[in-house]
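> Data file structure.csv (CSV, C-alpha atoms) is appended below.
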```
chain,number,residue,atom,x,y,z
A,1,MET,CA,33.7,21.5,25.9
A,2,THR,CA,32.0,22.4,22.6
A,3,THR,CA,28.3,22.3,22.0
A,4,ARG,CA,26.9,21.8,18.6
A,5,ILE,CA,23.5,21.3,17.0
A,6,VAL,CA,23.1,18.1,15.0
A,7,GLU,CA,20.2,18.3,12.5
A,8,LEU,CA,18.4,14.9,12.4
A,9,ARG,CA,15.1,15.6,10.6
A,10,ARG,CA,14.0,12.1,11.2
A,11,GLY,CA,10.4,10.9,11.3
A,12,ILE,CA,9.7,9.4,14.7
A,13,LEU,CA,7.5,6.7,13.2
A,14,LYS,CA,9.8,6.2,10.2
A,15,LYS,CA,10.1,2.5,10.8
A,16,ASN,CA,6.3,2.1,10.8
A,17,ASP,CA,6.0,4.4,7.8
A,18,GLU,CA,8.5,2.4,5.8
A,19,LEU,CA,6.9,-0.9,6.7
A,20,ALA,CA,3.5,0.5,5.7
A,21,ALA,CA,4.9,1.7,2.4
A,22,GLY,CA,6.1,-1.8,1.7
A,23,LEU,CA,2.6,-3.2,2.6
A,24,ARG,CA,1.0,-0.6,0.3
A,25,ASP,CA,3.1,-1.7,-2.6
A,26,GLY,CA,2.3,-5.3,-1.9
A,27,TYR,CA,-1.5,-4.6,-1.8
A,28,ALA,CA,-1.3,-2.7,-5.1
A,29,ALA,CA,0.7,-5.5,-6.8
A,30,ALA,CA,-1.9,-8.0,-5.6
A,31,GLY,CA,-4.8,-5.8,-6.7
A,32,VAL,CA,-6.5,-6.0,-3.3
A,33,VAL,CA,-8.3,-3.1,-1.7
A,34,VAL,CA,-7.4,-2.7,1.9
A,35,LEU,CA,-9.6,-0.9,4.4
A,36,ASN,CA,-8.6,0.2,7.9
A,37,LEU,CA,-11.7,0.5,10.2
A,38,VAL,CA,-11.3,2.8,13.2
A,39,SER,CA,-13.8,3.9,15.9
A,40,SER,CA,-14.4,4.0,19.6
A,41,PRO,CA,-15.0,0.6,21.3
A,42,GLY,CA,-18.6,-0.4,20.8
A,43,THR,CA,-19.4,1.6,17.7
A,44,GLY,CA,-20.2,-1.5,15.7
A,45,LYS,CA,-17.1,-2.2,13.6
A,46,THR,CA,-17.5,-5.9,14.0
A,47,ALA,CA,-21.3,-5.8,13.3
A,48,LEU,CA,-20.7,-3.8,10.1
A,49,LEU,CA,-18.0,-6.2,9.0
A,50,GLU,CA,-20.2,-9.3,9.7
A,51,VAL,CA,-22.7,-8.0,7.2
A,52,THR,CA,-20.1,-6.6,4.8
A,53,LEU,CA,-18.1,-9.8,4.5
A,54,ARG,CA,-21.3,-11.9,4.0
A,55,GLU,CA,-22.8,-9.6,1.4
A,56,LEU,CA,-19.6,-9.0,-0.6
A,57,ARG,CA,-19.1,-12.8,-0.7
A,58,GLY,CA,-22.7,-13.1,-1.9
A,59,ARG,CA,-21.7,-10.6,-4.7
A,60,GLY,CA,-18.9,-12.9,-5.7
A,61,ALA,CA,-16.0,-11.0,-4.1
A,62,LYS,CA,-13.1,-12.6,-2.3
A,63,VAL,CA,-12.8,-11.1,1.1
A,64,ALA,CA,-10.8,-11.6,4.3
A,65,ALA,CA,-10.4,-9.7,7.6
A,66,LEU,CA,-7.8,-9.1,10.2
A,67,VAL,CA,-9.2,-8.1,13.6
A,68,GLY,CA,-7.3,-6.2,16.3
A,69,ASP,CA,-8.2,-6.5,19.9
A,70,LEU,CA,-6.2,-6.3,23.1
A,71,GLU,CA,-7.3,-9.7,24.2
A,72,THR,CA,-9.7,-12.6,23.1
A,73,ASP,CA,-10.6,-13.9,19.7
A,74,ASN,CA,-14.3,-13.3,20.1
A,75,ASP,CA,-14.5,-10.9,17.2
A,76,ALA,CA,-12.6,-13.3,14.8
A,77,ARG,CA,-15.0,-16.1,15.7
A,78,ARG,CA,-18.0,-13.8,15.1
A,79,LEU,CA,-16.7,-12.8,11.7
A,80,ALA,CA,-15.7,-16.3,10.7
A,81,ALA,CA,-19.4,-17.2,10.6
A,82,SER,CA,-19.5,-15.2,7.3
A,83,GLY,CA,-17.4,-18.0,5.7
A,84,ALA,CA,-14.5,-15.5,5.0
A,85,PRO,CA,-11.0,-16.2,6.3
A,86,VAL,CA,-10.5,-14.1,9.5
A,87,ARG,CA,-7.5,-13.8,11.7
A,88,GLN,CA,-7.3,-12.2,15.1
A,89,ILE,CA,-4.4,-10.0,16.1
A,90,ASN,CA,-4.1,-9.7,19.9
A,91,THR,CA,-2.0,-6.6,20.8
A,92,HIS,CA,-1.8,-7.6,24.5
A,93,GLY,CA,-2.3,-4.1,25.9
A,94,ILE,CA,-1.1,-2.0,22.9
A,95,CYS,CA,-3.8,0.5,22.0
A,96,HIS,CA,-3.4,0.4,18.2
A,97,LEU,CA,-2.4,-1.9,15.3
A,98,ASP,CA,0.9,-1.1,13.5
A,99,ALA,CA,2.3,-2.0,10.2
A,100,GLU,CA,4.6,-4.7,11.7
A,101,MET,CA,1.7,-6.6,13.3
A,102,VAL,CA,-0.3,-6.5,10.1
A,103,GLY,CA,2.7,-7.6,8.0
A,104,LYS,CA,3.5,-10.5,10.4
A,105,HIS,CA,-0.1,-11.8,10.4
A,106,LEU,CA,-0.4,-11.6,6.6
A,107,LYS,CA,2.8,-13.4,6.1
A,108,ASP,CA,2.0,-16.8,7.7
A,109,TRP,CA,-1.8,-16.8,7.2
A,110,ASP,CA,-2.8,-20.4,6.4
A,111,GLY,CA,-4.4,-20.6,3.0
A,112,VAL,CA,-4.7,-16.8,2.5
A,113,THR,CA,-2.6,-14.8,0.0
A,114,LEU,CA,-3.1,-11.2,-0.9
A,115,ALA,CA,-3.2,-12.2,-4.6
A,116,GLY,CA,-6.2,-14.3,-3.9
A,117,LEU,CA,-8.3,-11.5,-2.4
A,118,ASP,CA,-10.4,-8.6,-3.7
A,119,PHE,CA,-10.8,-6.9,-0.3
A,120,LEU,CA,-9.0,-7.1,3.0
A,121,PHE,CA,-10.6,-5.4,6.0
A,122,ILE,CA,-8.5,-4.5,9.0
A,123,GLU,CA,-10.6,-3.9,12.1
A,124,ASN,CA,-8.4,-1.7,14.3
A,125,VAL,CA,-8.4,-1.7,18.1
A,126,GLY,CA,-11.3,0.4,19.4
A,127,ASN,CA,-9.6,3.7,20.0
A,128,LEU,CA,-10.0,7.1,18.3
A,129,VAL,CA,-6.6,8.5,19.2
A,130,CYS,CA,-3.6,6.2,18.7
A,131,PRO,CA,-4.6,4.4,15.5
A,132,SER,CA,-4.5,7.7,13.6
A,133,SER,CA,-0.7,7.8,13.9
A,134,TYR,CA,0.0,4.4,12.5
A,135,ASP,CA,-0.3,3.9,8.8
A,136,LEU,CA,-1.1,0.2,7.9
A,137,GLY,CA,-0.6,0.8,4.2
A,138,GLU,CA,-4.4,0.9,3.7
A,139,GLY,CA,-6.1,2.3,0.7
A,140,ILE,CA,-9.2,3.5,2.5
A,141,ARG,CA,-9.4,4.6,6.1
A,142,VAL,CA,-12.9,4.4,7.4
A,143,ALA,CA,-13.9,6.2,10.6
A,144,LEU,CA,-17.1,5.0,12.3
A,145,LEU,CA,-19.3,6.7,14.8
A,146,SER,CA,-22.6,5.5,16.2
A,147,VAL,CA,-25.7,7.6,16.9
A,148,THR,CA,-25.3,6.8,20.6
A,149,GLU,CA,-21.9,8.5,20.9
A,150,GLY,CA,-23.0,12.1,20.2
A,151,GLU,CA,-22.9,14.3,17.2
A,152,ASP,CA,-19.7,16.1,18.3
A,153,LYS,CA,-17.4,13.1,18.1
A,154,PRO,CA,-15.7,14.4,15.0
A,155,LEU,CA,-15.0,17.7,16.7
A,156,LYS,CA,-13.6,15.9,19.8
A,157,TYR,CA,-11.3,13.6,17.7
A,158,PRO,CA,-10.4,15.7,14.7
A,159,THR,CA,-7.2,13.9,14.0
A,160,ILE,CA,-8.7,10.6,13.1
A,161,PHE,CA,-11.8,12.0,11.3
A,162,ASN,CA,-9.5,14.4,9.3
A,163,SER,CA,-7.4,11.4,8.1
A,164,ALA,CA,-10.4,9.3,7.1
A,165,ASP,CA,-11.4,8.6,3.5
A,166,ALA,CA,-15.0,7.6,4.4
A,167,ALA,CA,-17.2,7.9,7.4
A,168,VAL,CA,-19.9,5.4,8.5
A,169,ILE,CA,-22.6,6.4,11.0
A,170,THR,CA,-23.8,3.2,12.6
A,171,LYS,CA,-26.9,2.1,14.6
A,172,MET,CA,-29.2,4.5,12.7
A,173,ASP,CA,-32.1,2.4,14.0
A,174,LEU,CA,-31.5,4.0,17.4
A,175,ALA,CA,-31.3,7.5,16.0
A,176,GLU,CA,-34.8,8.5,17.2
A,177,PRO,CA,-34.7,7.1,20.7
A,178,CYS,CA,-31.3,8.7,21.2
A,179,GLY,CA,-32.4,12.1,19.9
A,180,PHE,CA,-29.7,11.9,17.4
A,181,ASP,CA,-29.4,15.2,15.4
A,182,ARG,CA,-28.5,13.9,12.0
A,183,GLU,CA,-28.0,17.3,10.3
A,184,LEU,CA,-25.6,18.3,13.1
A,185,ALA,CA,-23.6,15.1,12.9
A,186,LEU,CA,-23.2,15.4,9.1
A,187,ARG,CA,-22.2,19.1,9.4
A,188,ASN,CA,-19.6,18.2,12.1
A,189,ILE,CA,-18.1,15.5,9.9
A,190,ASN,CA,-17.9,17.9,7.0
A,191,GLU,CA,-16.4,20.6,9.1
A,192,ILE,CA,-13.5,18.3,10.0
A,193,ARG,CA,-13.2,16.5,6.7
A,194,PRO,CA,-14.9,18.5,3.9
A,195,GLY,CA,-16.4,16.4,1.1
A,196,ILE,CA,-15.9,13.0,2.7
A,197,ARG,CA,-18.3,10.2,1.7
A,198,ILE,CA,-20.7,9.5,4.6
A,199,PHE,CA,-22.8,6.4,4.9
A,200,GLU,CA,-25.7,6.2,7.3
A,201,THR,CA,-26.2,2.6,8.3
A,202,SER,CA,-28.1,0.1,10.5
A,203,VAL,CA,-27.0,-3.5,10.2
A,204,LYS,CA,-30.2,-4.5,12.1
A,205,ARG,CA,-32.5,-3.0,9.5
A,206,GLY,CA,-30.1,-3.2,6.5
A,207,THR,CA,-30.3,0.6,6.1
A,208,GLY,CA,-27.6,2.1,3.9
A,209,MET,CA,-25.9,-1.2,3.3
A,210,VAL,CA,-26.4,-1.2,-0.5
A,211,GLU,CA,-24.8,2.2,-0.8
A,212,TRP,CA,-21.9,1.1,1.4
A,213,LEU,CA,-21.3,-2.1,-0.6
A,214,ASP,CA,-21.7,-0.3,-4.0
A,215,TYR,CA,-19.1,2.2,-2.8
A,216,LEU,CA,-16.6,-0.6,-2.0
A,217,GLU,CA,-17.1,-2.2,-5.4
A,218,GLU,CA,-16.8,1.1,-7.2
A,219,GLU,CA,-13.6,1.9,-5.3
A,220,ARG,CA,-12.1,-1.4,-6.2
A,221,LYS,CA,-12.9,-0.8,-9.9
A,222,ARG,CA,-11.6,2.7,-9.8
A,223,ARG,CA,-8.3,1.6,-8.1
A,224,LEU,CA,-7.8,-1.3,-10.5
A,225,MET,CA,-8.1,1.0,-13.5
A,226,VAL,CA,-5.4,3.4,-12.3
B,1,MET,CA,-1.7,6.9,25.3
B,2,HIS,CA,0.9,5.9,22.7
B,3,GLU,CA,3.4,8.6,23.8
B,4,LEU,CA,5.6,6.2,25.5
B,5,SER,CA,6.2,4.2,22.3
B,6,ILE,CA,6.8,7.4,20.4
B,7,ILE,CA,9.3,8.6,23.0
B,8,SER,CA,11.0,5.2,23.1
B,9,SER,CA,11.5,5.5,19.4
B,10,VAL,CA,13.0,9.0,19.9
B,11,VAL,CA,15.4,7.7,22.5
B,12,GLU,CA,16.4,4.9,20.2
B,13,THR,CA,17.0,7.1,17.1
B,14,VAL,CA,19.0,9.7,19.1
B,15,THR,CA,21.1,7.1,20.7
B,16,GLU,CA,21.9,5.6,17.3
B,17,SER,CA,22.9,8.9,15.9
B,18,LEU,CA,25.3,9.5,18.7
B,19,ALA,CA,27.5,6.7,17.3
B,20,ALA,CA,29.1,9.4,15.1
B,21,TYR,CA,30.0,11.5,18.2
B,22,PRO,CA,31.7,9.3,20.7
B,23,GLY,CA,31.7,10.6,24.2
B,24,ALA,CA,29.1,13.3,23.5
B,25,ARG,CA,26.5,14.2,26.0
B,26,VAL,CA,23.0,15.2,24.9
B,27,VAL,CA,21.9,18.6,26.1
B,28,GLU,CA,18.6,19.0,24.2
B,29,VAL,CA,16.3,17.1,21.9
B,30,ARG,CA,14.1,19.1,19.6
B,31,LEU,CA,10.9,17.7,18.2
B,32,ARG,CA,8.4,19.1,15.7
B,33,VAL,CA,4.9,17.9,16.5
B,34,GLY,CA,1.9,18.7,14.3
B,35,VAL,CA,-1.3,19.7,16.2
B,36,LEU,CA,-3.0,16.9,14.2
B,37,SER,CA,-0.5,14.3,15.3
B,38,ALA,CA,-2.6,12.9,18.2
B,39,VAL,CA,0.1,13.3,20.8
B,40,VAL,CA,0.1,15.5,23.9
B,41,GLU,CA,3.1,17.5,24.9
B,42,ASP,CA,2.7,17.0,28.7
B,43,SER,CA,2.6,13.3,28.1
B,44,LEU,CA,5.7,13.4,25.9
B,45,GLN,CA,7.6,15.3,28.6
B,46,PHE,CA,6.5,12.8,31.3
B,47,CYS,CA,7.5,9.8,29.1
B,48,PHE,CA,10.8,11.4,28.1
B,49,GLU,CA,11.9,11.5,31.7
B,50,LEU,CA,11.1,7.8,32.2
B,51,ALA,CA,12.5,6.6,28.9
B,52,SER,CA,15.7,8.6,28.9
B,53,GLU,CA,16.8,7.3,32.3
B,54,GLY,CA,20.0,5.2,32.0
B,55,THR,CA,20.6,6.3,28.4
B,56,PRO,CA,22.9,8.9,26.9
B,57,LEU,CA,19.8,11.2,26.8
B,58,ALA,CA,19.4,11.2,30.6
B,59,GLY,CA,19.1,14.7,32.0
B,60,SER,CA,18.6,16.3,28.6
B,61,LYS,CA,15.8,18.7,27.9
B,62,LEU,CA,13.0,17.9,25.5
B,63,VAL,CA,11.8,20.8,23.5
B,64,VAL,CA,8.5,20.3,21.6
B,65,LYS,CA,7.7,22.7,18.9
B,66,MET,CA,4.0,22.5,18.0
B,67,VAL,CA,3.3,23.0,14.3
B,68,PRO,CA,0.0,24.4,13.2
B,69,VAL,CA,-2.2,23.0,10.4
B,70,VAL,CA,-1.6,24.5,7.0
B,71,MET,CA,-4.1,23.7,4.2
B,72,HIS,CA,-4.0,24.6,0.5
B,73,CYS,CA,-7.0,26.7,-0.4
B,74,VAL,CA,-7.9,26.2,-4.0
B,75,PRO,CA,-10.0,29.4,-4.5
B,76,CYS,CA,-7.4,31.5,-2.9
B,77,GLY,CA,-4.6,29.7,-4.7
B,78,GLN,CA,-2.4,29.6,-1.6
B,79,ASP,CA,-1.5,27.8,1.6
B,80,VAL,CA,-3.3,29.1,4.7
B,81,GLU,CA,-2.7,28.4,8.3
B,82,LEU,CA,-5.6,27.3,10.5
B,83,GLU,CA,-6.1,28.7,13.9
B,84,GLY,CA,-7.4,25.4,15.4
B,85,VAL,CA,-8.6,22.0,14.4
B,86,GLN,CA,-12.4,22.4,14.8
B,87,SER,CA,-13.0,23.7,11.3
B,88,PHE,CA,-11.2,22.9,8.1
B,89,ARG,CA,-12.1,26.0,6.2
B,90,CYS,CA,-10.0,28.7,4.7
B,91,PRO,CA,-9.7,31.6,7.2
B,92,ARG,CA,-9.6,34.1,4.3
B,93,CYS,CA,-12.5,33.0,2.1
B,94,GLY,CA,-14.4,30.5,4.3
B,95,GLU,CA,-14.3,27.7,1.7
B,96,PRO,CA,-13.8,24.1,3.0
B,97,CYS,CA,-10.3,22.8,2.5
B,98,SER,CA,-9.3,19.1,2.1
B,99,ASP,CA,-5.7,19.5,0.9
B,100,LEU,CA,-3.5,19.2,4.1
B,101,ARG,CA,0.0,20.5,3.7
B,102,GLN,CA,1.3,20.6,7.3
B,103,GLY,CA,0.1,19.6,10.8
B,104,ARG,CA,0.7,15.8,11.1
B,105,GLU,CA,4.5,16.1,11.7
B,106,LEU,CA,6.1,13.8,14.2
B,107,GLU,CA,9.8,14.3,13.8
B,108,ILE,CA,13.1,14.8,15.5
B,109,GLU,CA,14.3,18.1,14.2
B,110,ALA,CA,17.7,18.2,15.9
B,111,ILE,CA,19.7,17.5,19.0
B,112,GLU,CA,22.2,19.7,20.8
B,113,ILE,CA,25.2,17.8,22.1
B,114,GLU,CA,28.2,18.7,24.2
B,115,GLU,CA,31.5,17.2,23.1
B,116,LEU,CA,34.8,17.0,24.9
B,117,ASP,CA,37.4,19.1,23.1
B,118,GLU,CA,39.8,16.7,21.4
B,119,VAL,CA,43.6,17.3,21.5
B,120,LYS,CA,44.5,17.1,17.8
B,121,GLY,CA,47.7,15.5,16.8
```
Spell out the structure here as C-alpha cells.


Amino acid sequence: MTTRIVELRRGILKKNDELAAGLRDGYAAAGVVVLNLVSSPGTGKTALLEVTLRELRGRGAKVAALVGDLETDNDARRLAASGAPVRQINTHGICHLDAEMVGKHLKDWDGVTLAGLDFLFIENVGNLVCPSSYDLGEGIRVALLSVTEGEDKPLKYPTIFNSADAAVITKMDLAEPCGFDRELALRNINEIRPGIRIFETSVKRGTGMVEWLDYLEEERKRRLMV
Amino acid sequence: MHELSIISSVVETVTESLAAYPGARVVEVRLRVGVLSAVVEDSLQFCFELASEGTPLAGSKLVVKMVPVVMHCVPCGQDVELEGVQSFRCPRCGEPCSDLRQGRELEIEAIEIEELDEVKG
C-alpha cells in the first residue's frame, strides 16, 4: 500500500462560477444591467421592485424581472401588474437561485431577449445566507434590510452584506414606531462594507425612490461607457 | 443550509478525479473554506458522512481548513489579516478596507489516497 497526496485545488462551486461567467459575458454583450436582490423573507424586495419596474418604465427604460421563490407564482403576478415581463422561478425547496436556474429561465423566455432590455432584476429567494455563495453573473448585488429587522442585521450576516454593491433600507415609514436607530444601522452597514451606497426607502411614501432610480440609471450609463 | 449541495459537489469532483487512480481508496479530503464563505464546518462534516456513503469516499476523513479574511489596506500599502468578520477595518491603522483578497474560498485543496502497490512488468 502506498499513500499519496493528490493536489486538486478545485473550486467547489466551479460549475456555478463558470456558468455565471458565461451569463456575465452575455449580459455585457447585450448591454443590460443585471441586479441580484437579496434579503430575508419579508423585507420588501417585491414591494421595492413593483415600484422600481413601474417607475423605470415610466422613464422609458426596458425592464424585466426574474423572481425566485420556493413555491407559488404570487410575486410574479404582483410584479406583472407593472406591465414589465416577469417570470417566476420556483426552486421547490432549494434555498437560493443559482446560475443554471437563471440561464435556463432566460433561454426560453417568451418574447424576452437580453438585447431588448436595459435592466434585468433578479429577486433571489428570501435568505441572507445561501444566496451569497452563488454568483448569478449580476453586475450589482443589492442587499436589503427593513427597519423592522434590527440595526445589527449586517453584523449578523456579514457575508452577504460584505459582498453587496448597494444596500437598501426598506419600510422607512415604520422607522419611528419601531424605534429604528438610523445612525446605528448606517454605521453597521459601513462597518461590514465600507463606502457602500445606501438608500433609505419607503415605497408607501415614495421616500428615497428618486435617489434609487437615479442611481440605477447612472450605473447603466457608467457601465455602457466602459 | 446549502452545505449538502456543496458537499455533494465535493464528492462528485473527488470521485471524478479518482478515474486517474484506479482501485485507489480515499483516506482524507482537505478543503479550504473562507470564513466569509457562508458555510459551517459542523454542517459540512455531518453532510459529508451522509453524502460519501456508498461512494469511493466512504469512511474517509474530511479536514476543513478555515481561511481568515485578508484585506488590502491602501494607507498601509499592504495586505492585512482581519481577526473577525464584524469590522472591515485595518487592524494596524483603523482605516476601513473594501479590497478583499482572501476569505471567500470554497475549494478542494487535495485528497490523500491509498493505492495498491502494482507489480511492474

> Give the residues of chain A that lie within 7 Å of chain B; count all atoms listed in the file, and format the answer as a short mmCIF file (atom, residue, chain, number, x, y, z; two decimals) with C-alpha atoms, in the frame of the given file.


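Output saved as out_34.cif:
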```cif
data_model
loop_
_atom_site.label_atom_id
_atom_site.label_comp_id
_atom_site.auth_asym_id
_atom_site.auth_seq_id
_atom_site.Cartn_x
_atom_site.Cartn_y
_atom_site.Cartn_z
CA MET A 1 33.70 21.50 25.90
CA THR A 2 32.00 22.40 22.60
CA THR A 3 28.30 22.30 22.00
CA ARG A 4 26.90 21.80 18.60
CA ILE A 5 23.50 21.30 17.00
CA VAL A 6 23.10 18.10 15.00
CA GLU A 7 20.20 18.30 12.50
CA LEU A 8 18.40 14.90 12.40
CA ARG A 9 15.10 15.60 10.60
CA ARG A 10 14.00 12.10 11.20
CA GLY A 11 10.40 10.90 11.30
CA ILE A 12 9.70 9.40 14.70
CA VAL A 129 -6.60 8.50 19.20
CA CYS A 130 -3.60 6.20 18.70
CA SER A 133 -0.70 7.80 13.90
CA LEU A 155 -15.00 17.70 16.70
CA PRO A 158 -10.40 15.70 14.70
CA THR A 159 -7.20 13.90 14.00
CA GLU A 191 -16.40 20.60 9.10
CA ILE A 192 -13.50 18.30 10.00
CA ARG A 193 -13.20 16.50 6.70
CA PRO A 194 -14.90 18.50 3.90
#
```

> Within 6 Å of stretch 172-186 of chain A, counting only C-alpha atoms, which residues qualify if same-chain residues fewer than 4 places away don't, as JSON, numbers by chain?

{"A": [147, 151, 201, 202]}

> Tell me, in Å to one decimal, how far atom CA of A:Thr170 is from atom CA of A:Asp152.

14.7 Å

> Quick check, in Å to one decimal: how far apart do atom CA of A:Val125 and atom CA of A:Ser82 lie?

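Between atom CA of A:Val125 and atom CA of A:Ser82 the gap is 20.5 Å.
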
> Considering all atoms listed in the file, return as a PDB file with C-alpha atoms, in the coordinates of the input whatever protein or nucleic-acid residues lie within 12 Å of A:Glu100, sequence-local ones (same chain, fewer than 6 positions apart) excluded.


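File out_5.pdb, as written:
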```pdb
ATOM      1  CA  LEU A  13       7.500   6.700  13.200  1.00  0.00           C
ATOM      2  CA  LYS A  15      10.100   2.500  10.800  1.00  0.00           C
ATOM      3  CA  ASN A  16       6.300   2.100  10.800  1.00  0.00           C
ATOM      4  CA  ASP A  17       6.000   4.400   7.800  1.00  0.00           C
ATOM      5  CA  GLU A  18       8.500   2.400   5.800  1.00  0.00           C
ATOM      6  CA  LEU A  19       6.900  -0.900   6.700  1.00  0.00           C
ATOM      7  CA  ALA A  20       3.500   0.500   5.700  1.00  0.00           C
ATOM      8  CA  ALA A  21       4.900   1.700   2.400  1.00  0.00           C
ATOM      9  CA  GLY A  22       6.100  -1.800   1.700  1.00  0.00           C
ATOM     10  CA  LEU A  23       2.600  -3.200   2.600  1.00  0.00           C
ATOM     11  CA  ILE A  89      -4.400 -10.000  16.100  1.00  0.00           C
ATOM     12  CA  THR A  91      -2.000  -6.600  20.800  1.00  0.00           C
ATOM     13  CA  LEU A 106      -0.400 -11.600   6.600  1.00  0.00           C
ATOM     14  CA  LYS A 107       2.800 -13.400   6.100  1.00  0.00           C
ATOM     15  CA  TYR A 134       0.000   4.400  12.500  1.00  0.00           C
ATOM     16  CA  ASP A 135      -0.300   3.900   8.800  1.00  0.00           C
ATOM     17  CA  LEU A 136      -1.100   0.200   7.900  1.00  0.00           C
ATOM     18  CA  GLY A 137      -0.600   0.800   4.200  1.00  0.00           C
TER      19      GLY A 137
END
```

> Which residue out of B:Gly84, B:Pro91, B:Gly34, B:Pro22 has the minimum interatomic distance to B:Pro56 when all atoms listed in the file are used?

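Ranking B:Gly84, B:Pro91, B:Gly34, B:Pro22 by distance to B:Pro56, first place goes to B:Pro22.
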
> Under the rule that all atoms listed in the file are counted, which of A:Val32, A:Arg187, A:Ala115, A:Asn162 is the nearest residue to B:Met71?

A:Asn162

> Between atom CA of A:Val112 and atom CA of A:Lys45, what is the distance in Å, rounded to a tenth?

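The value is 22.1 Å.
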
> Distance cut-off 9 Å, centre (-5.8, -7.4, 18.7) in file coordinates, counting all atoms listed in the file: which residues qualify? Return them as a PyMOL selection string.

chain A and resi 66-73+88-97+123-125

> Counting only C-alpha atoms, I want the residues whose atoms come within 9 Å of (-8.9, 27.4, -3.4) in the file frame, returned as a list of chain:residue names.

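The requested residues, written out, are B:His72, B:Cys73, B:Val74, B:Pro75, B:Cys76, B:Gly77, B:Gln78, B:Asp79, B:Cys90, B:Cys93, B:Glu95, B:Pro96, B:Cys97.
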
> Please provide the set of residues having any atom within 8 Å of B:Gly59, restricted to only C-alpha atoms, with same-chain residues fewer than 5 positions apart removed, written as number ranges by chain.

B: 27, 49, 52-53

> Kindly add N, CA and C atoms to the incomplete stretch 1-17 of chain B and provide the output as a PDB file, in the frame of the given file.


```
ATOM      1  N   MET B   1      -1.580   8.355  25.015  1.00  0.00           N
ATOM      2  CA  MET B   1      -1.700   6.900  25.300  1.00  0.00           C
ATOM      3  C   MET B   1      -0.548   6.157  24.621  1.00  0.00           C
ATOM      4  N   HIS B   2      -0.183   6.573  23.387  1.00  0.00           N
ATOM      5  CA  HIS B   2       0.900   5.900  22.700  1.00  0.00           C
ATOM      6  C   HIS B   2       2.187   6.746  22.773  1.00  0.00           C
ATOM      7  N   GLU B   3       2.188   7.754  23.664  1.00  0.00           N
ATOM      8  CA  GLU B   3       3.400   8.600  23.800  1.00  0.00           C
ATOM      9  C   GLU B   3       4.612   7.906  24.207  1.00  0.00           C
ATOM     10  N   LEU B   4       4.435   6.882  25.059  1.00  0.00           N
ATOM     11  CA  LEU B   4       5.600   6.200  25.500  1.00  0.00           C
ATOM     12  C   LEU B   4       6.323   5.445  24.363  1.00  0.00           C
ATOM     13  N   SER B   5       5.537   4.844  23.470  1.00  0.00           N
ATOM     14  CA  SER B   5       6.200   4.200  22.300  1.00  0.00           C
ATOM     15  C   SER B   5       6.828   5.180  21.401  1.00  0.00           C
ATOM     16  N   ILE B   6       6.211   6.351  21.287  1.00  0.00           N
ATOM     17  CA  ILE B   6       6.800   7.400  20.400  1.00  0.00           C
ATOM     18  C   ILE B   6       8.104   7.908  21.031  1.00  0.00           C
ATOM     19  N   ILE B   7       8.091   8.143  22.340  1.00  0.00           N
ATOM     20  CA  ILE B   7       9.300   8.600  23.000  1.00  0.00           C
ATOM     21  C   ILE B   7      10.401   7.556  22.983  1.00  0.00           C
ATOM     22  N   SER B   8      10.027   6.309  23.166  1.00  0.00           N
ATOM     23  CA  SER B   8      11.000   5.200  23.100  1.00  0.00           C
ATOM     24  C   SER B   8      11.727   5.217  21.769  1.00  0.00           C
ATOM     25  N   SER B   9      10.958   5.481  20.725  1.00  0.00           N
ATOM     26  CA  SER B   9      11.500   5.500  19.400  1.00  0.00           C
ATOM     27  C   SER B   9      12.455   6.734  19.224  1.00  0.00           C
ATOM     28  N   VAL B  10      12.115   7.844  19.885  1.00  0.00           N
ATOM     29  CA  VAL B  10      13.000   9.000  19.900  1.00  0.00           C
ATOM     30  C   VAL B  10      14.314   8.702  20.546  1.00  0.00           C
ATOM     31  N   VAL B  11      14.240   8.082  21.715  1.00  0.00           N
ATOM     32  CA  VAL B  11      15.400   7.700  22.500  1.00  0.00           C
ATOM     33  C   VAL B  11      16.340   6.805  21.648  1.00  0.00           C
ATOM     34  N   GLU B  12      15.702   5.847  21.003  1.00  0.00           N
ATOM     35  CA  GLU B  12      16.400   4.900  20.200  1.00  0.00           C
ATOM     36  C   GLU B  12      17.155   5.569  19.012  1.00  0.00           C
ATOM     37  N   THR B  13      16.423   6.418  18.297  1.00  0.00           N
ATOM     38  CA  THR B  13      17.000   7.100  17.100  1.00  0.00           C
ATOM     39  C   THR B  13      18.139   8.030  17.543  1.00  0.00           C
ATOM     40  N   VAL B  14      17.936   8.791  18.629  1.00  0.00           N
ATOM     41  CA  VAL B  14      19.000   9.700  19.100  1.00  0.00           C
ATOM     42  C   VAL B  14      20.205   8.937  19.519  1.00  0.00           C
ATOM     43  N   THR B  15      20.012   7.861  20.254  1.00  0.00           N
ATOM     44  CA  THR B  15      21.100   7.100  20.700  1.00  0.00           C
ATOM     45  C   THR B  15      21.935   6.511  19.536  1.00  0.00           C
ATOM     46  N   GLU B  16      21.220   6.054  18.519  1.00  0.00           N
ATOM     47  CA  GLU B  16      21.900   5.600  17.300  1.00  0.00           C
ATOM     48  C   GLU B  16      22.717   6.650  16.641  1.00  0.00           C
ATOM     49  N   SER B  17      22.151   7.842  16.581  1.00  0.00           N
ATOM     50  CA  SER B  17      22.900   8.900  15.900  1.00  0.00           C
ATOM     51  C   SER B  17      24.087   9.392  16.646  1.00  0.00           C
TER      52      SER B  17
END
```
